[in-house]
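Printed here is input.tsv (TSV, C-alpha atoms):
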```tsv
chain	number	residue	atom	x	y	z
A	253	MET	CA	35.48	2.63	7.11
A	254	ASP	CA	38.79	1.42	8.35
A	255	LYS	CA	39.34	-0.73	11.43
A	256	LEU	CA	35.83	-1.48	12.58
A	257	SER	CA	37.23	-4.23	14.76
A	258	SER	CA	40.57	-5.88	15.39
A	259	ASP	CA	38.72	-9.17	15.98
A	260	THR	CA	38.87	-10.77	12.53
A	261	SER	CA	36.79	-13.71	13.77
A	262	LYS	CA	33.76	-11.41	13.30
A	263	TYR	CA	34.38	-11.28	9.54
A	264	ASP	CA	31.42	-13.52	8.63
A	265	ALA	CA	29.10	-11.61	10.97
A	266	LEU	CA	30.09	-8.29	9.38
A	267	VAL	CA	29.63	-9.64	5.85
A	268	GLN	CA	26.15	-10.88	6.80
A	269	TYR	CA	25.34	-7.51	8.40
A	270	VAL	CA	26.35	-5.65	5.21
A	271	LYS	CA	24.21	-8.00	3.11
A	272	GLU	CA	21.18	-7.48	5.36
A	273	TRP	CA	21.73	-3.72	5.40
A	274	ALA	CA	21.87	-3.68	1.58
A	275	GLY	CA	18.57	-5.54	1.44
A	276	SER	CA	17.00	-2.77	3.51
A	277	MET	CA	18.11	-0.24	0.88
A	278	MET	CA	15.54	-1.81	-1.46
A	279	ASN	CA	12.71	-0.49	0.74
A	280	PRO	CA	10.77	2.64	-0.25
A	281	GLY	CA	11.93	5.77	1.53
A	282	ASN	CA	15.59	4.80	1.34
A	283	GLY	CA	16.53	8.34	0.25
A	284	LEU	CA	17.79	7.32	-3.18
A	285	THR	CA	16.82	9.21	-6.31
A	286	THR	CA	17.69	6.25	-8.54
A	287	PRO	CA	16.16	2.75	-8.46
A	288	ILE	CA	18.62	0.00	-7.47
A	289	LYS	CA	19.21	-3.73	-7.65
A	290	VAL	CA	21.22	-5.56	-4.98
A	291	GLN	CA	23.38	-8.55	-5.80
A	292	VAL	CA	25.04	-10.49	-3.01
A	293	THR	CA	28.73	-11.38	-3.39
A	294	ASP	CA	30.98	-13.58	-1.25
A	295	ASP	CA	32.39	-10.62	0.69
A	296	GLY	CA	29.57	-8.07	0.47
A	297	VAL	CA	27.17	-6.68	-2.14
A	298	GLN	CA	26.94	-4.88	-5.42
A	299	ILE	CA	24.30	-2.17	-5.51
A	300	THR	CA	23.61	-1.46	-9.16
A	301	PHE	CA	21.55	1.41	-10.44
A	302	ALA	CA	18.62	-0.07	-12.34
A	303	PRO	CA	18.64	0.68	-16.06
A	304	LYS	CA	16.11	3.15	-17.26
A	305	GLN	CA	13.46	1.99	-19.67
A	306	ALA	CA	14.35	2.19	-23.34
A	307	THR	CA	13.73	5.60	-24.80
A	308	GLY	CA	13.94	7.16	-28.20
A	309	LYS	CA	17.65	7.76	-27.62
A	310	LYS	CA	18.32	4.08	-28.36
A	311	TYR	CA	16.73	4.32	-31.80
A	312	ARG	CA	19.13	4.71	-34.70
A	313	SER	CA	18.11	5.55	-38.20
A	314	ALA	CA	19.45	3.49	-41.11
A	315	ASP	CA	21.94	6.29	-41.87
A	316	GLU	CA	23.15	6.32	-38.26
A	317	GLU	CA	23.59	2.53	-38.36
A	318	LYS	CA	25.65	2.77	-41.57
A	319	GLU	CA	27.81	5.52	-40.06
A	320	SER	CA	28.42	3.40	-36.95
A	321	GLU	CA	29.39	0.40	-39.06
A	322	LYS	CA	31.86	2.57	-41.04
A	323	LYS	CA	33.45	3.66	-37.76
A	324	GLY	CA	33.72	0.04	-36.65
A	325	LEU	CA	31.13	0.33	-33.89
A	326	LYS	CA	29.03	-2.74	-33.27
A	327	LYS	CA	25.38	-2.61	-34.08
A	328	LYS	CA	23.18	-2.13	-31.03
A	329	THR	CA	20.17	-4.38	-30.84
A	330	GLY	CA	18.68	-2.89	-27.69
A	331	ASN	CA	19.27	-6.17	-25.83
A	332	GLU	CA	22.75	-5.32	-24.56
A	333	PRO	CA	23.13	-5.20	-20.77
A	334	GLN	CA	22.97	-1.67	-19.46
A	335	GLU	CA	25.95	-0.35	-17.56
A	336	GLU	CA	24.20	2.17	-15.34
A	337	GLY	CA	26.83	2.12	-12.62
A	338	GLY	CA	26.68	1.28	-8.98
A	339	VAL	CA	28.52	0.87	-5.71
A	340	GLU	CA	30.34	-2.30	-4.74
A	341	ILE	CA	30.66	-2.77	-0.98
A	342	PHE	CA	32.97	-5.39	0.44
A	343	VAL	CA	34.43	-6.44	3.78
A	344	LEU	CA	38.17	-6.83	4.24
A	345	GLY	CA	39.50	-8.92	7.09
A	346	ASP	CA	43.28	-9.16	6.93
A	347	ASP	CA	44.72	-7.64	10.14
A	348	SER	CA	41.48	-5.94	11.13
A	349	LEU	CA	37.94	-5.63	9.80
A	350	SER	CA	37.12	-2.79	7.43
A	351	VAL	CA	34.49	-2.07	4.81
A	352	GLN	CA	35.21	-0.42	1.50
A	353	ALA	CA	32.93	0.95	-1.21
A	354	LYS	CA	33.88	1.72	-4.78
A	355	ARG	CA	32.18	2.71	-8.02
A	356	PHE	CA	31.74	0.04	-10.65
A	357	ASN	CA	29.87	-0.87	-13.83
A	358	TYR	CA	29.63	2.60	-15.34
A	359	GLY	CA	29.06	2.58	-19.09
A	360	GLU	CA	30.82	5.01	-21.36
A	361	ASP	CA	27.82	7.32	-21.84
A	362	VAL	CA	26.37	7.04	-18.33
A	363	SER	CA	26.55	9.99	-15.98
A	364	VAL	CA	27.78	9.36	-12.45
A	365	LYS	CA	24.93	9.27	-9.96
A	366	GLU	CA	26.75	11.17	-7.24
A	367	MET	CA	23.72	11.96	-5.06
A	368	SER	CA	22.65	8.32	-4.92
A	369	GLU	CA	26.23	7.16	-4.32
A	370	GLU	CA	26.61	9.66	-1.47
A	371	THR	CA	23.32	8.51	0.06
A	372	ILE	CA	24.41	4.86	-0.08
A	373	VAL	CA	27.80	5.58	1.50
A	374	SER	CA	26.30	7.84	4.17
A	375	LYS	CA	23.69	5.25	5.17
A	376	LEU	CA	26.36	2.54	5.14
A	377	LYS	CA	28.54	4.58	7.52
A	378	GLU	CA	25.58	5.04	9.87
A	379	ALA	CA	24.86	1.30	9.81
A	380	LEU	CA	28.52	0.43	10.46
A	381	ILE	CA	28.62	2.75	13.47
A	382	VAL	CA	25.63	0.82	14.86
A	383	TRP	CA	27.35	-2.52	14.13
A	384	LYS	CA	30.55	-1.37	15.82
A	385	GLY	CA	28.61	-0.21	18.88
A	386	GLU	CA	26.89	-3.60	19.13
A	387	GLN	CA	30.24	-5.39	19.22
A	388	LYS	CA	31.29	-3.90	22.57
```

Rewrite the structure of this file - the entire thing - as structure tokens.
Amino acid sequence: MDKLSSDTSKYDALVQYVKEWAGSMMNPGNGLTTPIKVQVTDDGVQITFAPKQATGKKYRSADEEKESEKKGLKKKTGNEPQEEGGVEIFVLGDDSLSVQAKRFNYGEDVSVKEMSEETIVSKLKEALIVWKGEQK
């Protein structure tokens, strides 16, 4: 959302509001179809989709391991960090206050979680409308 306020002195208050809002997304009934983790950053939050539990897909036979090594792919131990994707939300405060959201942390073989992303952005927009109304 662009230009939530022209008063850039409210930058810290908006960052804190976004962080608190993100914490509320951890509550049951948040409308998300994918579990999430929230990590606070200096200017907002990173909402990361929680990795699924290891399944049989991660298992590689000895032949599959040899084939991967021939192709120059590193051997997977099962301990590598998962890149399940997420939404990074941050506050900008140059000439005016705005909040931006972008995709991040998607692994090569991970499908985009569009429904969950749309839910996050929709709920964020609703929360920012409330914040803007409280500033008057």

Could you tell me how far atom CA of A:Tyr263 lies from atom CA of A:Leu349, in Å and to one decimal?
6.7 Å

Of the residues A:Gln352, A:Val362, A:Lys289, A:Met253, which is the one nearest to A:Glu378, using all atoms listed in the file?
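Closest to A:Glu378 of all the choices is A:Met253.
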
Using only C-alpha atoms, which of the listed residues (A:Val270, A:Ile299, A:Ala265, A:Val343) sits closest to A:Ala379?
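Using only C-alpha atoms, A:Ala379 sits closest to A:Val270.
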
Expressed in Å, the length from atom CA of A:Ser350 to atom CA of A:Gly337 is 23.1 Å

What is the distance, in Å and to one decimal place, between atom CA of A:Leu376 and atom CA of A:Ser258?
19.4 Å

Can you tell me, as a CSV table (one decimal) with C-alpha atoms, keeping the file's coordinate frame, what residues are no more than 9 Å from A:Ala274 when counting all atoms listed in the file, ignoring any on the same chain fewer than 2 positions away?
```csv
chain,number,residue,atom,x,y,z
A,269,TYR,CA,25.3,-7.5,8.4
A,270,VAL,CA,26.4,-5.6,5.2
A,271,LYS,CA,24.2,-8.0,3.1
A,272,GLU,CA,21.2,-7.5,5.4
A,276,SER,CA,17.0,-2.8,3.5
A,277,MET,CA,18.1,-0.2,0.9
A,278,MET,CA,15.5,-1.8,-1.5
A,290,VAL,CA,21.2,-5.6,-5.0
A,291,GLN,CA,23.4,-8.6,-5.8
A,292,VAL,CA,25.0,-10.5,-3.0
A,296,GLY,CA,29.6,-8.1,0.5
A,297,VAL,CA,27.2,-6.7,-2.1
A,298,GLN,CA,26.9,-4.9,-5.4
A,299,ILE,CA,24.3,-2.2,-5.5
A,376,LEU,CA,26.4,2.5,5.1
```

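Each of A:Phe342, A:Glu335, A:Thr293, A:Trp383 was compared to A:Glu360 using all atoms listed in the file, and A:Glu335 turns out to be the nearest.
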
Taking (44.7, -5.9, 8.7) in the file's coordinates as the center, which residues reach within 12 Å of it, counting all atoms listed in the file, put as a short mmCIF file (atom, residue, chain, number, x, y, z; two decimals) with C-alpha atoms, in the coordinates of the input?
```
data_model
loop_
_atom_site.label_atom_id
_atom_site.label_comp_id
_atom_site.auth_asym_id
_atom_site.auth_seq_id
_atom_site.Cartn_x
_atom_site.Cartn_y
_atom_site.Cartn_z
CA ASP A 254 38.79 1.42 8.35
CA LYS A 255 39.34 -0.73 11.43
CA LEU A 256 35.83 -1.48 12.58
CA SER A 257 37.23 -4.23 14.76
CA SER A 258 40.57 -5.88 15.39
CA ASP A 259 38.72 -9.17 15.98
CA THR A 260 38.87 -10.77 12.53
CA TYR A 263 34.38 -11.28 9.54
CA VAL A 343 34.43 -6.44 3.78
CA LEU A 344 38.17 -6.83 4.24
CA GLY A 345 39.50 -8.92 7.09
CA ASP A 346 43.28 -9.16 6.93
CA ASP A 347 44.72 -7.64 10.14
CA SER A 348 41.48 -5.94 11.13
CA LEU A 349 37.94 -5.63 9.80
CA SER A 350 37.12 -2.79 7.43
CA VAL A 351 34.49 -2.07 4.81
#
```
